[in-house]
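First the structure, in the form of structure tokens, and then the observations on it.
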Amino acid sequence: LTPEIASGELQIEAKIVDEGSDEREEKPRELLLLSEAFFDGKKIGSVETAIHLGRASQRLSVLREDLFEWGLHLWTPESPALYDLKLTLMEQTSDEKSTLDEVLSYFGMREIRIDHGNILLNNVPLYQRLILDQGYFEESGLTPPSVDALVLDIDRVKELGFNGVRKHMKVEDERFLYLADVKGLLVWSEMAAHYRFSDAAVQEYTKEWMEVLRQNYNHPSIITWTPFNESWGIPQVETERRQQHYTEAIYHLTKAFDPMRPVISNDGWEHTVSDIITLHDYEEDGERFLNRYLTHKEEILRTQLYHCGHKSAMANGYTYEGQPVILSEYGGIAFADKQQGEWGYGNAVKNEEEFLLRLQKITSAIYQVPYIVGFCYTQVSDVEQEVNGLMRENRTYKVDPQKIRPIIDPGAS
């Protein structure tokens, strides 16, 4: 399901599984697909086409200027409008149509694209206030203990002032993605890393990544694909051409399947071909951060200056070409009741006041860098020995969320 807001249409590519036709039959079955869109129970549009060789391609118009002010209800984090979709598989006989199967689904009309260094959602510049989310739970690890636990995570992320999550090293439960669609939470979908680079890893990863794309393509909340992170599984990508070719291949394969969404080739550093240049930087001091990125933009983005330890923004042989820049990991402030044996980025803070001051200074500095169009704070909750979450593993707040929200989203009323 591909929304096209310029034309007000939903492009539908349907595959019929086990349609029961036999090419040896003298007269194959005549199958039809009827697609109907509804909004708040009111029928908006429909289209019916014949099925050929088990497939149907349709363009369903949902543009209704008589019902909506601008003809469409667009999906945004602030107003996550969803249309209902009914797909009916029918068989045409000589004198009637009979229903063989029905599927109920939904879709959102939204467009994500890049223009002159900006990321646009429905043609409006989008500043992404993301938080890194590993999807770990105290009682069940990577498996969500309940739907209520997923609802709580999303509600609290939004309460803290964030408009999206960067799912980290996890292909998330589809119930989470459904709730993100319904509640209006932006999602970066990231693949888990393989351990080392090898022929077998390339083959298996490619197969599984395509399964992820097919499975999650229709979710309007997903606005970015991230196949690799911090050169994990591709440790020599900065200089080694084989590994660079691999990231390029995955990038182009992803764009062939989904030309709509941005693709990040290697989140954090050592980018090859990438729609967004993302940087990881756990600088603690706001003034140092601001000076670094205001004064040394060209050196950082053109790999003349490391931005994170000994890491460069681009891999060897690749140049910055004006892509949007997002600080996709920062903060990671260690803050816990007990610090012994626990870990976070930089020096741990001792109390709420110290935590809020550091968070405010570094986040304010990010907002002051004009070419940075979004950020991702590390992280939603503590995970095992990592104590840099805004919540504990049991999802209780460490700091009053009403004190964090105006720092993350200064424009909130």
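In the structure tokens, chains take letters A, B, ... by order of appearance, with residues numbered from 1 within each chain and ligands from 1 in the order shown.
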Contact residues around Val47 of chain A with only C-alpha atoms at 6 Å, ignoring same-chain residues under 2 positions, as a list in words: Leu34, Ser35 and Leu60 of chain A
Next, write the just-selected residues to a file, as a compact mmCIF listing (two decimals), in the first residue's frame, keeping N, CA and C atoms as the atom set.
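Produced file again-v9.txt, reproduced below:
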# COMPACT_ATOMS: atom_id res chain seq x y z
N LEU A 34 -11.96 -6.11 -5.38
CA LEU A 34 -12.65 -4.87 -5.05
C LEU A 34 -12.00 -4.26 -3.82
N SER A 35 -11.53 -3.02 -3.94
CA SER A 35 -10.90 -2.32 -2.82
C SER A 35 -11.74 -1.11 -2.47
N LEU A 60 -6.45 3.62 -6.00
CA LEU A 60 -7.71 3.93 -5.32
C LEU A 60 -7.72 5.40 -4.92
Please report as a Markdown table every residue of segment 314-400 of chain A lying within 10 Å of segment 268-291 of chain A, along with the nearest atom pair and their distance in Å (one decimal), using only C-alpha atoms.
| residue | atom | partner | partner_atom | distance |
| --- | --- | --- | --- | --- |
| A:Met314 | CA | A:Glu270 | CA | 4.2 |
| A:Ala315 | CA | A:Glu270 | CA | 4.2 |
| A:Asn316 | CA | A:Glu270 | CA | 7.9 |
| A:Gly317 | CA | A:Thr272 | CA | 8.3 |
| A:Tyr318 | CA | A:Thr272 | CA | 5.9 |
| A:Thr319 | CA | A:Thr272 | CA | 8.3 |
| A:Tyr320 | CA | A:Ile277 | CA | 8.1 |
| A:Glu321 | CA | A:Asp275 | CA | 9.5 |
| A:Gly322 | CA | A:Ile277 | CA | 9.0 |
| A:Gln323 | CA | A:Ile276 | CA | 5.4 |
| A:Pro324 | CA | A:Ile276 | CA | 5.2 |
| A:Val325 | CA | A:Ile277 | CA | 4.9 |
| A:Ile326 | CA | A:Thr278 | CA | 4.8 |
| A:Leu327 | CA | A:Leu279 | CA | 4.8 |
| A:Ser328 | CA | A:Thr278 | CA | 5.6 |
| A:Glu329 | CA | A:His280 | CA | 4.6 |
| A:Tyr330 | CA | A:Tyr282 | CA | 4.8 |
| A:Gly331 | CA | A:Tyr282 | CA | 5.5 |
| A:Gly332 | CA | A:Tyr282 | CA | 7.0 |
| A:Ile333 | CA | A:Glu284 | CA | 8.4 |
| A:Tyr345 | CA | A:Tyr282 | CA | 6.7 |
| A:Gly346 | CA | A:Glu284 | CA | 6.9 |
| A:Asn347 | CA | A:Glu284 | CA | 8.2 |
| A:Arg358 | CA | A:Glu284 | CA | 7.0 |
| A:Leu359 | CA | A:Glu284 | CA | 8.7 |
| A:Gln360 | CA | A:Gly286 | CA | 8.5 |
| A:Lys361 | CA | A:Gly286 | CA | 4.9 |
| A:Ile362 | CA | A:Gly286 | CA | 4.2 |
| A:Thr363 | CA | A:Gly286 | CA | 7.6 |
| A:Ser364 | CA | A:Gly286 | CA | 7.5 |
| A:Ala365 | CA | A:Leu290 | CA | 5.3 |
| A:Ile366 | CA | A:Leu290 | CA | 7.0 |
| A:Tyr367 | CA | A:Leu290 | CA | 9.4 |
| A:Gln368 | CA | A:Leu290 | CA | 7.4 |
| A:Val369 | CA | A:Leu290 | CA | 7.0 |
| A:Ile372 | CA | A:Thr278 | CA | 9.4 |
| A:Gly374 | CA | A:Thr278 | CA | 9.5 |
| A:Phe375 | CA | A:Thr278 | CA | 9.1 |
| A:Cys376 | CA | A:His280 | CA | 9.1 |
| A:Tyr377 | CA | A:Tyr282 | CA | 9.7 |
| A:Thr378 | CA | A:Tyr282 | CA | 9.3 |
Could you write those residues out with N, CA and C atoms, as a tab-separated table (two decimals), in the first residue's frame?
chain	number	residue	atom	x	y	z
A	314	MET	N	32.12	9.94	6.87
A	314	MET	CA	32.02	9.23	5.60
A	314	MET	C	33.12	8.18	5.50
A	315	ALA	N	32.79	7.08	4.82
A	315	ALA	CA	33.81	6.08	4.51
A	315	ALA	C	34.74	6.62	3.42
A	316	ASN	N	35.93	6.06	3.32
A	316	ASN	CA	36.88	6.49	2.30
A	316	ASN	C	36.28	6.34	0.90
A	317	GLY	N	36.46	7.38	0.09
A	317	GLY	CA	35.95	7.34	-1.27
A	317	GLY	C	34.57	7.92	-1.43
A	318	TYR	N	33.95	8.34	-0.33
A	318	TYR	CA	32.59	8.90	-0.37
A	318	TYR	C	32.63	10.33	0.16
A	319	THR	N	31.77	11.18	-0.38
A	319	THR	CA	31.75	12.58	0.01
A	319	THR	C	30.35	13.01	0.43
A	320	TYR	N	30.32	13.98	1.31
A	320	TYR	CA	29.05	14.57	1.72
A	320	TYR	C	28.47	15.35	0.55
A	321	GLU	N	27.19	15.13	0.26
A	321	GLU	CA	26.56	15.75	-0.91
A	321	GLU	C	25.31	16.55	-0.54
A	322	GLY	N	25.33	17.14	0.64
A	322	GLY	CA	24.23	18.02	1.03
A	322	GLY	C	23.04	17.32	1.67
A	323	GLN	N	23.21	16.06	2.08
A	323	GLN	CA	22.12	15.34	2.71
A	323	GLN	C	21.73	15.98	4.05
A	324	PRO	N	20.51	15.73	4.51
A	324	PRO	CA	20.14	16.15	5.87
A	324	PRO	C	21.07	15.51	6.90
A	325	VAL	N	21.32	16.22	7.98
A	325	VAL	CA	22.19	15.72	9.05
A	325	VAL	C	21.37	15.58	10.33
A	326	ILE	N	21.46	14.40	10.94
A	326	ILE	CA	20.76	14.14	12.20
A	326	ILE	C	21.76	13.59	13.21
A	327	LEU	N	21.71	14.11	14.43
A	327	LEU	CA	22.53	13.56	15.52
A	327	LEU	C	21.73	12.39	16.10
A	328	SER	N	22.02	11.19	15.61
A	328	SER	CA	21.15	10.05	15.90
A	328	SER	C	21.53	9.27	17.15
A	329	GLU	N	22.55	9.73	17.89
A	329	GLU	CA	22.79	9.27	19.26
A	329	GLU	C	23.48	10.40	20.01
A	330	TYR	N	22.92	10.76	21.16
A	330	TYR	CA	23.57	11.73	22.04
A	330	TYR	C	23.06	11.51	23.46
A	331	GLY	N	23.66	12.21	24.39
A	331	GLY	CA	23.19	12.14	25.77
A	331	GLY	C	23.72	10.92	26.49
A	332	GLY	N	22.86	9.91	26.61
A	332	GLY	CA	23.25	8.68	27.29
A	332	GLY	C	23.72	8.90	28.72
A	333	ILE	N	23.11	9.86	29.40
A	333	ILE	CA	23.59	10.27	30.72
A	333	ILE	C	23.32	9.19	31.75
A	345	TYR	N	27.20	6.73	29.28
A	345	TYR	CA	28.22	7.49	28.57
A	345	TYR	C	28.72	8.64	29.43
A	346	GLY	N	30.04	8.80	29.48
A	346	GLY	CA	30.62	9.93	30.19
A	346	GLY	C	30.53	9.78	31.70
A	347	ASN	N	30.56	10.92	32.38
A	347	ASN	CA	30.53	10.93	33.84
A	347	ASN	C	29.09	10.86	34.34
A	358	ARG	N	22.58	19.10	32.58
A	358	ARG	CA	23.37	18.58	31.47
A	358	ARG	C	22.49	18.33	30.24
A	359	LEU	N	21.31	17.74	30.46
A	359	LEU	CA	20.40	17.48	29.35
A	359	LEU	C	20.00	18.78	28.66
A	360	GLN	N	19.72	19.81	29.45
A	360	GLN	CA	19.29	21.08	28.87
A	360	GLN	C	20.40	21.73	28.05
A	361	LYS	N	21.61	21.71	28.55
A	361	LYS	CA	22.71	22.38	27.86
A	361	LYS	C	23.05	21.70	26.53
A	362	ILE	N	23.11	20.37	26.53
A	362	ILE	CA	23.50	19.70	25.29
A	362	ILE	C	22.35	19.72	24.28
A	363	THR	N	21.10	19.58	24.74
A	363	THR	CA	19.97	19.60	23.81
A	363	THR	C	19.79	20.99	23.22
A	364	SER	N	19.95	22.02	24.03
A	364	SER	CA	19.87	23.40	23.54
A	364	SER	C	20.95	23.66	22.49
A	365	ALA	N	22.14	23.12	22.71
A	365	ALA	CA	23.22	23.29	21.74
A	365	ALA	C	22.86	22.65	20.40
A	366	ILE	N	22.24	21.48	20.44
A	366	ILE	CA	21.84	20.81	19.19
A	366	ILE	C	20.86	21.68	18.42
A	367	TYR	N	19.88	22.23	19.12
A	367	TYR	CA	18.88	23.08	18.46
A	367	TYR	C	19.52	24.31	17.81
A	368	GLN	N	20.66	24.73	18.30
A	368	GLN	CA	21.29	25.94	17.76
A	368	GLN	C	22.15	25.69	16.52
A	369	VAL	N	22.32	24.42	16.15
A	369	VAL	CA	23.10	24.11	14.94
A	369	VAL	C	22.13	24.04	13.77
A	372	ILE	N	21.58	20.75	11.51
A	372	ILE	CA	21.11	19.52	12.14
A	372	ILE	C	19.59	19.56	12.21
A	374	GLY	N	17.47	17.10	13.37
A	374	GLY	CA	16.85	16.16	14.28
A	374	GLY	C	17.88	15.53	15.19
A	375	PHE	N	17.39	14.86	16.24
A	375	PHE	CA	18.29	14.19	17.17
A	375	PHE	C	17.63	12.94	17.72
A	376	CYS	N	18.45	12.11	18.35
A	376	CYS	CA	17.96	10.90	19.01
A	376	CYS	C	18.69	10.75	20.33
A	377	TYR	N	17.95	10.85	21.42
A	377	TYR	CA	18.54	10.73	22.76
A	377	TYR	C	18.66	9.25	23.14
A	378	THR	N	19.74	8.90	23.79
A	378	THR	CA	19.97	7.55	24.30
A	378	THR	C	19.73	7.53	25.81
Spatial neighbours of Gly71 of chain A, 12 Å, only C-alpha atoms, chain gap at least 4 places, as JSON, numbers by chain: {"A": [5, 6, 7, 8, 9, 44, 61, 62, 63, 64, 65, 66, 67, 109]}
Write out, as an mmCIF file, in the first residue's frame, the residues just selected, with N, CA and C atoms.
data_model
loop_
_atom_site.group_PDB
_atom_site.id
_atom_site.type_symbol
_atom_site.label_atom_id
_atom_site.label_comp_id
_atom_site.auth_asym_id
_atom_site.auth_seq_id
_atom_site.Cartn_x
_atom_site.Cartn_y
_atom_site.Cartn_z
ATOM 1 N N ILE A 5 0.102 11.501 -1.890
ATOM 2 C CA ILE A 5 -0.737 12.615 -1.469
ATOM 3 C C ILE A 5 -0.923 13.648 -2.578
ATOM 4 N N ALA A 6 0.010 13.731 -3.525
ATOM 5 C CA ALA A 6 -0.127 14.707 -4.611
ATOM 6 C C ALA A 6 -1.355 14.408 -5.461
ATOM 7 N N SER A 7 -1.594 13.134 -5.736
ATOM 8 C CA SER A 7 -2.749 12.740 -6.548
ATOM 9 C C SER A 7 -3.949 12.346 -5.703
ATOM 10 N N GLY A 8 -3.738 12.180 -4.394
ATOM 11 C CA GLY A 8 -4.829 11.752 -3.527
ATOM 12 C C GLY A 8 -5.216 10.307 -3.755
ATOM 13 N N GLU A 9 -4.228 9.476 -4.088
ATOM 14 C CA GLU A 9 -4.510 8.079 -4.399
ATOM 15 C C GLU A 9 -3.688 7.139 -3.521
ATOM 16 N N ILE A 44 -15.260 6.353 1.210
ATOM 17 C CA ILE A 44 -14.547 7.442 0.549
ATOM 18 C C ILE A 44 -14.320 7.153 -0.931
ATOM 19 N N SER A 61 -8.613 6.170 -5.506
ATOM 20 C CA SER A 61 -8.695 7.596 -5.192
ATOM 21 C C SER A 61 -9.425 7.796 -3.864
ATOM 22 N N VAL A 62 -8.782 8.560 -2.967
ATOM 23 C CA VAL A 62 -9.415 8.895 -1.689
ATOM 24 C C VAL A 62 -9.547 10.413 -1.538
ATOM 25 N N LEU A 63 -9.385 11.120 -2.628
ATOM 26 C CA LEU A 63 -9.495 12.580 -2.618
ATOM 27 C C LEU A 63 -10.971 12.967 -2.601
ATOM 28 N N ARG A 64 -11.404 13.612 -1.521
ATOM 29 C CA ARG A 64 -12.806 14.004 -1.386
ATOM 30 C C ARG A 64 -12.881 15.435 -0.862
ATOM 31 N N GLU A 65 -12.847 16.390 -1.786
ATOM 32 C CA GLU A 65 -12.894 17.790 -1.392
ATOM 33 C C GLU A 65 -14.258 18.179 -0.846
ATOM 34 N N ASP A 66 -15.270 17.349 -1.108
ATOM 35 C CA ASP A 66 -16.598 17.616 -0.565
ATOM 36 C C ASP A 66 -16.711 17.216 0.905
ATOM 37 N N LEU A 67 -15.752 16.409 1.391
ATOM 38 C CA LEU A 67 -15.797 15.929 2.772
ATOM 39 C C LEU A 67 -14.713 16.545 3.645
ATOM 40 N N MET A 109 -2.395 8.299 4.819
ATOM 41 C CA MET A 109 -1.949 9.124 3.700
ATOM 42 C C MET A 109 -0.857 10.066 4.214
#
Nearest candidate to Thr295 of chain A (options A:Gly161, A:Pro227, A:Gly141, A:Pro370; using only C-alpha atoms): A:Pro370
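Proximity to Pro145 of chain A was assessed for A:Arg175, A:Arg241, A:Lys170, A:Arg302 counting only C-alpha atoms; the smallest distance is recorded for A:Arg175.
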